[in-house]
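Asks: Before I ask anything, let me first share the structure, which is written out below as structure tokens.
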Amino acid sequence: MRSEAKTVIIGGGIIGLSIAYNLAKLGEEDIVVLEKSYLGNGSTFRCGTGIRQQFGDEANIRMMKRSVELWNGLKEELGQDVEFTQSGYLFLIYDEDELQSFKKNVALQNRFGVPSRIITPEEAKEIVPPLNTDGVIAAAWNHTDGKANPFKAVFAYAEAAKKLGVEIYEYTEAKDIRVENGRIKAVVTNRGEIRTGRVINAANAWAPLINKMAGVPIDIPIHPYKHQGVKTEPIKPGQIEPMVISFKHGGVYLTQEANQGGVIGGYGLKYGPTYDITPTYEFLRGVSYRFSQIIPALKYVNVIRIWGGFYAETPDGNAAIGRINEIDEFYIAAGFSGHGFMLAPVVGEAVAELIVDGKTDKPLDFYDPYRFERGELRGRALQMG
Ligand code: FAD
């Protein structure tokens with residue numbers, strides 16, 4: 001392991017790796033990524049694979065519009081297939097209140113070039129043939145949303161970053177950060193010390209611990225909540241191509257994996273704050289019941305796996321991204337709640353621009369880490385699960 005680096009990124013999830021890759025792409029050298037376990041083992045490998053632009057606020061819509069453009073080109077750019085497919089997101093709507101709020105969101109999304117629209121239950125059934133449309137009065141549909149394979153995406157970013165000179169150290173835990181007179185001096189790890197002047201905190205659920213090591217003087221409230229995912233045995237291809245969501249059924253979401261055929265998803269059962277991610281029987285029962293309410297035929301399909309992971313949540317469900325002014329060259333990109341996987345390409349691009357150019361055209365102000373201290377919470381991000 002090297003003893004000196006210009007940039008140390010703490011966290012080998014998709015956010016840390018995307019930042020590393022994008023920094024190297026902009027010509028930065030001497031970049032090290034530290035991962036205390038193996039790459040992806042935090043939240044990223046445990047996610048529901050979904051990628052959508054259907055948010056209810058301008059910043060997340062604009063960020064995700066750019067992210068989808070990037071997802072679309074990742075195979076070519078990174079040189080590996082990340083199995084990104086634009087199979088759409090279908091939000092089921094059951095009453096007039098929901099309809100009004102989705103209509104408002106769709107109008108906003110359309111203003112920023114996202115081609116979402118409200119469709120009839122019959123059209124929804126054409127998109128997902130085994131769908132139960134009982135009680136459904138409409139659906140919000142965007143065919144340019146989609147999904148990707150988190151395992152392949154992590155390895156594709158890691159390999160592409162390495163080709164550009166980034167060094168990635170797995171099983172290497174940041175234990176302390178030495179700061180003197182507002183300047184970073186070194187990151188202390190279980191494998192020795194790396195002298196550096198720049199740290200990027202991409203540790204998501206563990207980000208508060210990293211902030212504490214550096215003595216970040218402001219409160220950035222990020223709390224780890226256990227959410228769970230489920231996967232079934234494979235079913236006939238092409239049955240449930242989009243991500244299907246129902247807030248009326250406890251925030252259930254489900255989709256069929258593009259290549260392996262299993263149905264994966266989850267619902268809004270959460271525990272915490274906690275660092276315990278043991279899966280629960282309560283989740284298995286709850287998710288099986290809700291899946292079969294949305295797609296009755298799933299009653300006959302076996303579950304093969306459930307797992308736990310973190311939503312690293314902030315009070316408004318939006319991440320904290322930006323520079324910490326009191327510590328020279330300390331940055332944070334963490335607290336992504338249920339949507340860090342989808343945002344990773346654009347966050348990597350934006351953070352790299354911020355560091356290298358000192359500015360970015362992405363709306364990073366929205367994710368200002370100081371907003372909590374000022375009591376300026378954003379509207380709650382639309383969140384599944
Ligand atoms: P992580 O992947 O958690 O990476 C942070 C890394 O930091 C970890 O690997 C950790 O080991 C490492 N680390 C921590 N402390 C240290 C240290 N001291 N030293 C070194 N390394 C350290 N998002 C979506 O966009 N779409 C979805 O459909 C979706 N579904 C989800 C479903 C579930 C059940 C869950 C749990 C999450 C879901 N998410 C989804 C959220 C998504 O998984 C996260 O927002 C995203 O993976 C965050 O990426 P990250 O790189 O910031 O964090």
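A note on labels: chains of the structure tokens are A, B, ... as shown, every chain counts residues from 1, and ligands are counted from 1 in their shown order.
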Would you please extract all helix (DSSP H, G or I) residues from region 61-235 of chain A, as assigned by DSSP on the backbone, and give them as a ChimeraX atom specification?

Replies: /A:61-78,96-111,121-127,150-163,204-214

Asks: Need to verify the contact set: region 185-188 of chain A, 12 Å, only C-alpha atoms, exclusion of same-chain residues closer than 2 positions in sequence. Can you return it as a CSV table (one decimal) with N, CA, C and O atoms, in the first residue's frame?

Replies:
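So the final result, stored in around.csv, reads:
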```csv
chain,number,residue,atom,x,y,z
A,2,ARG,N,0.5,2.2,-0.8
A,2,ARG,CA,1.3,3.4,-0.8
A,2,ARG,C,1.2,4.3,0.4
A,2,ARG,O,0.2,4.2,1.2
A,3,SER,N,2.2,5.1,0.7
A,3,SER,CA,2.1,5.9,1.9
A,3,SER,C,1.7,7.3,1.7
A,3,SER,O,1.6,8.1,2.6
A,4,GLU,N,1.5,7.7,0.4
A,4,GLU,CA,1.1,9.0,0.1
A,4,GLU,C,0.2,9.0,-1.1
A,4,GLU,O,0.3,8.2,-2.0
A,5,ALA,N,-0.8,9.9,-1.1
A,5,ALA,CA,-1.7,10.1,-2.2
A,5,ALA,C,-2.3,11.5,-2.2
A,5,ALA,O,-2.4,12.1,-1.2
A,6,LYS,N,-2.6,11.9,-3.4
A,6,LYS,CA,-3.2,13.3,-3.5
A,6,LYS,C,-4.6,13.2,-3.0
A,6,LYS,O,-5.1,14.2,-2.3
A,7,THR,N,-5.4,12.2,-3.3
A,7,THR,CA,-6.8,12.1,-2.9
A,7,THR,C,-7.0,10.7,-2.3
A,7,THR,O,-6.7,9.7,-2.9
A,8,VAL,N,-7.7,10.7,-1.2
A,8,VAL,CA,-8.1,9.4,-0.6
A,8,VAL,C,-9.6,9.5,-0.5
A,8,VAL,O,-10.2,10.3,0.1
A,9,ILE,N,-10.2,8.5,-1.2
A,9,ILE,CA,-11.7,8.3,-1.1
A,9,ILE,C,-12.0,7.2,-0.2
A,9,ILE,O,-11.5,6.1,-0.3
A,10,ILE,N,-12.9,7.5,0.8
A,10,ILE,CA,-13.2,6.5,1.8
A,10,ILE,C,-14.6,5.9,1.4
A,10,ILE,O,-15.6,6.6,1.5
A,32,VAL,N,-6.6,7.2,-4.4
A,32,VAL,CA,-6.7,5.9,-3.7
A,32,VAL,C,-8.1,5.8,-3.2
A,32,VAL,O,-8.7,6.7,-2.7
A,33,VAL,N,-8.7,4.6,-3.3
A,33,VAL,CA,-10.0,4.3,-2.7
A,33,VAL,C,-9.8,3.3,-1.6
A,33,VAL,O,-9.1,2.2,-1.8
A,34,LEU,N,-10.3,3.6,-0.4
A,34,LEU,CA,-10.2,2.6,0.7
A,34,LEU,C,-11.6,2.0,0.9
A,34,LEU,O,-12.6,2.7,1.0
A,172,THR,N,-9.3,-2.5,3.8
A,172,THR,CA,-8.5,-1.4,4.3
A,172,THR,C,-9.4,-0.4,4.9
A,172,THR,O,-10.1,0.3,4.2
A,173,GLU,N,-9.4,-0.3,6.2
A,173,GLU,CA,-10.4,0.6,6.9
A,173,GLU,C,-9.8,1.9,7.4
A,173,GLU,O,-8.7,1.9,8.0
A,174,ALA,N,-10.4,3.0,7.1
A,174,ALA,CA,-10.0,4.3,7.6
A,174,ALA,C,-10.3,4.3,9.1
A,174,ALA,O,-11.5,4.1,9.5
A,175,LYS,N,-9.3,4.5,9.9
A,175,LYS,CA,-9.5,4.4,11.4
A,175,LYS,C,-9.5,5.8,12.0
A,175,LYS,O,-10.0,6.1,13.1
A,176,ASP,N,-8.8,6.7,11.3
A,176,ASP,CA,-8.6,8.1,11.8
A,176,ASP,C,-8.2,9.0,10.7
A,176,ASP,O,-7.6,8.5,9.7
A,177,ILE,N,-8.5,10.3,10.9
A,177,ILE,CA,-8.0,11.3,9.9
A,177,ILE,C,-7.3,12.3,10.7
A,177,ILE,O,-7.8,12.9,11.6
A,178,ARG,N,-6.0,12.6,10.3
A,178,ARG,CA,-5.2,13.6,11.0
A,178,ARG,C,-5.4,14.9,10.3
A,178,ARG,O,-5.1,15.1,9.1
A,179,VAL,N,-5.9,15.9,11.1
A,179,VAL,CA,-6.1,17.3,10.6
A,179,VAL,C,-5.4,18.2,11.5
A,179,VAL,O,-5.5,18.1,12.7
A,180,GLU,N,-4.6,19.1,10.9
A,180,GLU,CA,-3.9,20.1,11.7
A,180,GLU,C,-4.2,21.5,11.1
A,180,GLU,O,-4.0,21.7,9.9
A,181,ASN,N,-4.6,22.4,11.9
A,181,ASN,CA,-5.0,23.8,11.5
A,181,ASN,C,-5.9,23.8,10.3
A,181,ASN,O,-5.6,24.6,9.3
A,182,GLY,N,-6.9,23.0,10.3
A,182,GLY,CA,-7.8,23.0,9.2
A,182,GLY,C,-7.3,22.3,7.9
A,182,GLY,O,-8.0,22.4,6.8
A,183,ARG,N,-6.2,21.7,8.0
A,183,ARG,CA,-5.7,21.0,6.8
A,183,ARG,C,-5.5,19.5,7.0
A,183,ARG,O,-5.0,19.1,8.1
A,190,ASN,N,-6.0,0.5,9.0
A,190,ASN,CA,-5.5,-0.7,9.7
A,190,ASN,C,-4.3,-1.3,9.1
A,190,ASN,O,-3.7,-2.2,9.6
A,191,ARG,N,-3.9,-0.7,7.9
A,191,ARG,CA,-2.7,-1.2,7.2
A,191,ARG,C,-1.6,-0.1,7.1
A,191,ARG,O,-0.7,-0.2,6.3
A,192,GLY,N,-1.8,0.9,7.9
A,192,GLY,CA,-0.8,1.9,7.9
A,192,GLY,C,-1.4,3.3,7.6
A,192,GLY,O,-2.6,3.4,7.4
A,193,GLU,N,-0.5,4.3,7.4
A,193,GLU,CA,-0.9,5.6,7.3
A,193,GLU,C,-0.7,6.1,5.8
A,193,GLU,O,0.3,5.8,5.2
A,194,ILE,N,-1.7,6.8,5.3
A,194,ILE,CA,-1.5,7.4,4.0
A,194,ILE,C,-1.5,9.0,4.1
A,194,ILE,O,-2.5,9.5,4.5
A,195,ARG,N,-0.3,9.6,3.8
A,195,ARG,CA,-0.3,11.0,3.9
A,195,ARG,C,-1.1,11.6,2.7
A,195,ARG,O,-0.9,11.1,1.6
A,196,THR,N,-1.9,12.6,3.0
A,196,THR,CA,-2.8,13.1,1.9
A,196,THR,C,-3.3,14.5,2.3
A,196,THR,O,-3.3,14.8,3.5
A,197,GLY,N,-3.7,15.3,1.3
A,197,GLY,CA,-4.2,16.6,1.6
A,197,GLY,C,-5.7,16.7,1.3
A,197,GLY,O,-6.3,17.7,1.5
A,198,ARG,N,-6.3,15.5,0.8
A,198,ARG,CA,-7.7,15.6,0.3
A,198,ARG,C,-8.4,14.3,0.7
A,198,ARG,O,-7.9,13.2,0.4
A,199,VAL,N,-9.6,14.4,1.3
A,199,VAL,CA,-10.4,13.2,1.6
A,199,VAL,C,-11.8,13.4,1.1
A,199,VAL,O,-12.4,14.5,1.2
A,200,ILE,N,-12.3,12.4,0.5
A,200,ILE,CA,-13.7,12.4,0.1
A,200,ILE,C,-14.4,11.3,0.9
A,200,ILE,O,-14.1,10.1,0.8
A,201,ASN,N,-15.4,11.7,1.7
A,201,ASN,CA,-16.2,10.8,2.5
A,201,ASN,C,-17.3,10.2,1.7
A,201,ASN,O,-18.4,10.9,1.5
A,210,ILE,N,-16.9,8.9,9.8
A,210,ILE,CA,-15.7,9.5,9.1
A,210,ILE,C,-15.7,11.0,9.4
A,210,ILE,O,-14.6,11.6,9.6
A,213,MET,N,-14.1,11.4,12.7
A,213,MET,CA,-12.6,11.3,12.6
A,213,MET,C,-11.9,12.5,12.2
A,213,MET,O,-10.9,12.9,12.7
A,214,ALA,N,-12.6,13.3,11.2
A,214,ALA,CA,-11.9,14.5,10.7
A,214,ALA,C,-12.3,15.7,11.6
A,214,ALA,O,-11.7,16.8,11.3
A,327,ILE,N,-12.6,22.5,6.8
A,327,ILE,CA,-11.5,21.6,6.6
A,327,ILE,C,-11.1,21.6,5.1
A,327,ILE,O,-11.8,21.2,4.3
A,328,ASP,N,-9.9,22.2,4.9
A,328,ASP,CA,-9.5,22.3,3.5
A,328,ASP,C,-9.5,21.0,2.8
A,328,ASP,O,-9.0,20.0,3.3
A,329,GLU,N,-10.2,20.9,1.6
A,329,GLU,CA,-10.2,19.7,0.8
A,329,GLU,C,-10.8,18.5,1.4
A,329,GLU,O,-10.4,17.4,1.2
A,330,PHE,N,-11.8,18.7,2.3
A,330,PHE,CA,-12.6,17.6,2.8
A,330,PHE,C,-14.0,17.7,2.1
A,330,PHE,O,-14.7,18.7,2.2
```

Asks: Go through region 25-180 of chain A and collect every residue that DSSP, computed from the backbone, puts in strand (DSSP E or B); the answer should be as an mmCIF file with C-alpha atoms, in the first residue's frame.

Replies:
```cif
data_model
loop_
_atom_site.group_PDB
_atom_site.id
_atom_site.type_symbol
_atom_site.label_atom_id
_atom_site.label_comp_id
_atom_site.auth_asym_id
_atom_site.auth_seq_id
_atom_site.Cartn_x
_atom_site.Cartn_y
_atom_site.Cartn_z
ATOM 1 C CA ILE A 31 -6.121 8.643 -6.240
ATOM 2 C CA VAL A 32 -6.674 5.924 -3.667
ATOM 3 C CA VAL A 33 -9.986 4.260 -2.722
ATOM 4 C CA LEU A 34 -10.218 2.625 0.709
ATOM 5 C CA GLY A 50 -33.927 0.667 -9.976
ATOM 6 C CA ILE A 51 -33.046 3.806 -11.936
ATOM 7 C CA THR A 85 -32.097 -1.477 -19.656
ATOM 8 C CA TYR A 89 -41.090 2.651 -14.042
ATOM 9 C CA LEU A 90 -44.817 2.171 -13.475
ATOM 10 C CA PHE A 91 -46.402 3.831 -10.414
ATOM 11 C CA LEU A 92 -49.863 2.423 -9.705
ATOM 12 C CA ILE A 93 -52.438 5.047 -8.674
ATOM 13 C CA ARG A 117 -47.174 10.459 -18.608
ATOM 14 C CA ILE A 118 -50.353 9.325 -16.902
ATOM 15 C CA ILE A 119 -51.815 6.194 -18.487
ATOM 16 C CA ALA A 138 -54.406 5.261 -13.480
ATOM 17 C CA ALA A 139 -50.619 4.875 -13.517
ATOM 18 C CA ALA A 140 -47.610 7.149 -13.946
ATOM 19 C CA TRP A 141 -45.357 5.703 -16.609
ATOM 20 C CA ASN A 142 -41.939 6.620 -17.952
ATOM 21 C CA GLY A 146 -34.922 1.460 -15.990
ATOM 22 C CA LYS A 147 -32.564 -0.751 -14.038
ATOM 23 C CA GLU A 167 -5.499 2.319 -6.677
ATOM 24 C CA ILE A 168 -8.186 0.448 -4.783
ATOM 25 C CA TYR A 169 -7.442 -1.137 -1.426
ATOM 26 C CA ALA A 174 -9.973 4.278 7.622
ATOM 27 C CA LYS A 175 -9.520 4.425 11.383
ATOM 28 C CA ASP A 176 -8.638 8.067 11.845
ATOM 29 C CA ILE A 177 -7.998 11.255 9.919
ATOM 30 C CA ARG A 178 -5.227 13.588 11.031
ATOM 31 C CA VAL A 179 -6.114 17.255 10.572
ATOM 32 C CA GLU A 180 -3.897 20.142 11.666
#
```

Asks: Set out as CSV a contact list for chain A and ligand 1 with a cut-off of 7 Å, giving each residue of chain A that qualifies its closest atom pair and distance in Å to one decimal, counting only C-alpha atoms and all ligand atoms, ordered by chain and rising residue number.

Replies:
```
residue,atom,partner,partner_atom_place_in_ligand_line,distance
A:Ile10,CA,ligand 1,20 (C),5.1
A:Gly11,CA,ligand 1,7 (O),3.2
A:Gly12,CA,ligand 1,6 (C),4.8
A:Gly13,CA,ligand 1,51 (O),3.2
A:Ile14,CA,ligand 1,51 (O),4.1
A:Ile15,CA,ligand 1,51 (O),3.8
A:Gly16,CA,ligand 1,51 (O),5.4
A:Leu34,CA,ligand 1,20 (C),4.9
A:Glu35,CA,ligand 1,21 (N),3.7
A:Lys36,CA,ligand 1,20 (C),3.9
A:Ser37,CA,ligand 1,11 (O),5.1
A:Tyr38,CA,ligand 1,9 (O),6.7
A:Leu39,CA,ligand 1,9 (O),5.7
A:Gly40,CA,ligand 1,9 (O),5.2
A:Asn41,CA,ligand 1,9 (O),4.8
A:Gly42,CA,ligand 1,3 (O),3.4
A:Ser43,CA,ligand 1,3 (O),3.8
A:Thr44,CA,ligand 1,47 (O),3.2
A:Phe45,CA,ligand 1,43 (O),6.8
A:Arg46,CA,ligand 1,36 (C),5.3
A:Cys47,CA,ligand 1,31 (C),3.4
A:Gly48,CA,ligand 1,30 (N),3.5
A:Thr49,CA,ligand 1,28 (O),4.3
A:Gly50,CA,ligand 1,28 (O),3.5
A:Ile51,CA,ligand 1,26 (N),5.6
A:Thr172,CA,ligand 1,20 (C),5.9
A:Glu173,CA,ligand 1,19 (N),3.6
A:Ala174,CA,ligand 1,19 (N),3.9
A:Lys175,CA,ligand 1,18 (N),5.8
A:Ala202,CA,ligand 1,52 (O),5.6
A:Ala203,CA,ligand 1,7 (O),3.6
A:Asn204,CA,ligand 1,52 (O),4.4
A:Ala205,CA,ligand 1,3 (O),6.0
A:Trp206,CA,ligand 1,14 (C),4.9
A:Ala207,CA,ligand 1,15 (N),6.8
A:Ile210,CA,ligand 1,18 (N),6.4
A:Lys226,CA,ligand 1,36 (C),6.8
A:His227,CA,ligand 1,34 (C),4.9
A:Gln228,CA,ligand 1,34 (C),4.2
A:Gly229,CA,ligand 1,34 (C),4.4
A:Gly266,CA,ligand 1,34 (C),6.5
A:Gly308,CA,ligand 1,36 (C),6.2
A:Gly309,CA,ligand 1,36 (C),3.7
A:Phe310,CA,ligand 1,36 (C),4.2
A:Tyr311,CA,ligand 1,36 (C),5.3
A:Ala312,CA,ligand 1,45 (O),7.0
A:Ala334,CA,ligand 1,52 (O),5.4
A:Gly335,CA,ligand 1,52 (O),7.0
A:Phe336,CA,ligand 1,45 (O),4.4
A:Ser337,CA,ligand 1,45 (O),5.2
A:Gly338,CA,ligand 1,41 (C),3.9
A:His339,CA,ligand 1,25 (O),3.3
A:Gly340,CA,ligand 1,45 (O),3.1
A:Phe341,CA,ligand 1,25 (O),3.4
A:Met342,CA,ligand 1,25 (O),3.7
A:Leu343,CA,ligand 1,25 (O),6.2
```

Asks: For Ser116 (chain A), work out the shell of residues within 9 Å, counting only C-alpha atoms and skipping chain neighbours fewer than 2 positions away, then give it as a PyMOL selection string.

Replies: chain A and resi 53-54+106-107+109-110+113-114+118+140-144

Asks: Name the residues in contact with region 372-377 of chain A at a cut-off of 8 Å, using only C-alpha atoms, excluding same-chain residues fewer than 4 positions from it; report them as a list in words.

Replies: Ile218, Asp219, Ile220, Pro221, Pro315 and Asp316 of chain A

Asks: Take CA of Arg66 (chain A) and CA of Ser246 (chain A) and report the distance between them in Å, one decimal.

Replies: 25.8 Å

Asks: Of the candidates A:Phe112, A:Ile127, A:Asn302, A:Asp95, which shows the shortest atom-to-atom distance to Met64 (chain A), using only C-alpha atoms?

Replies: A:Phe112
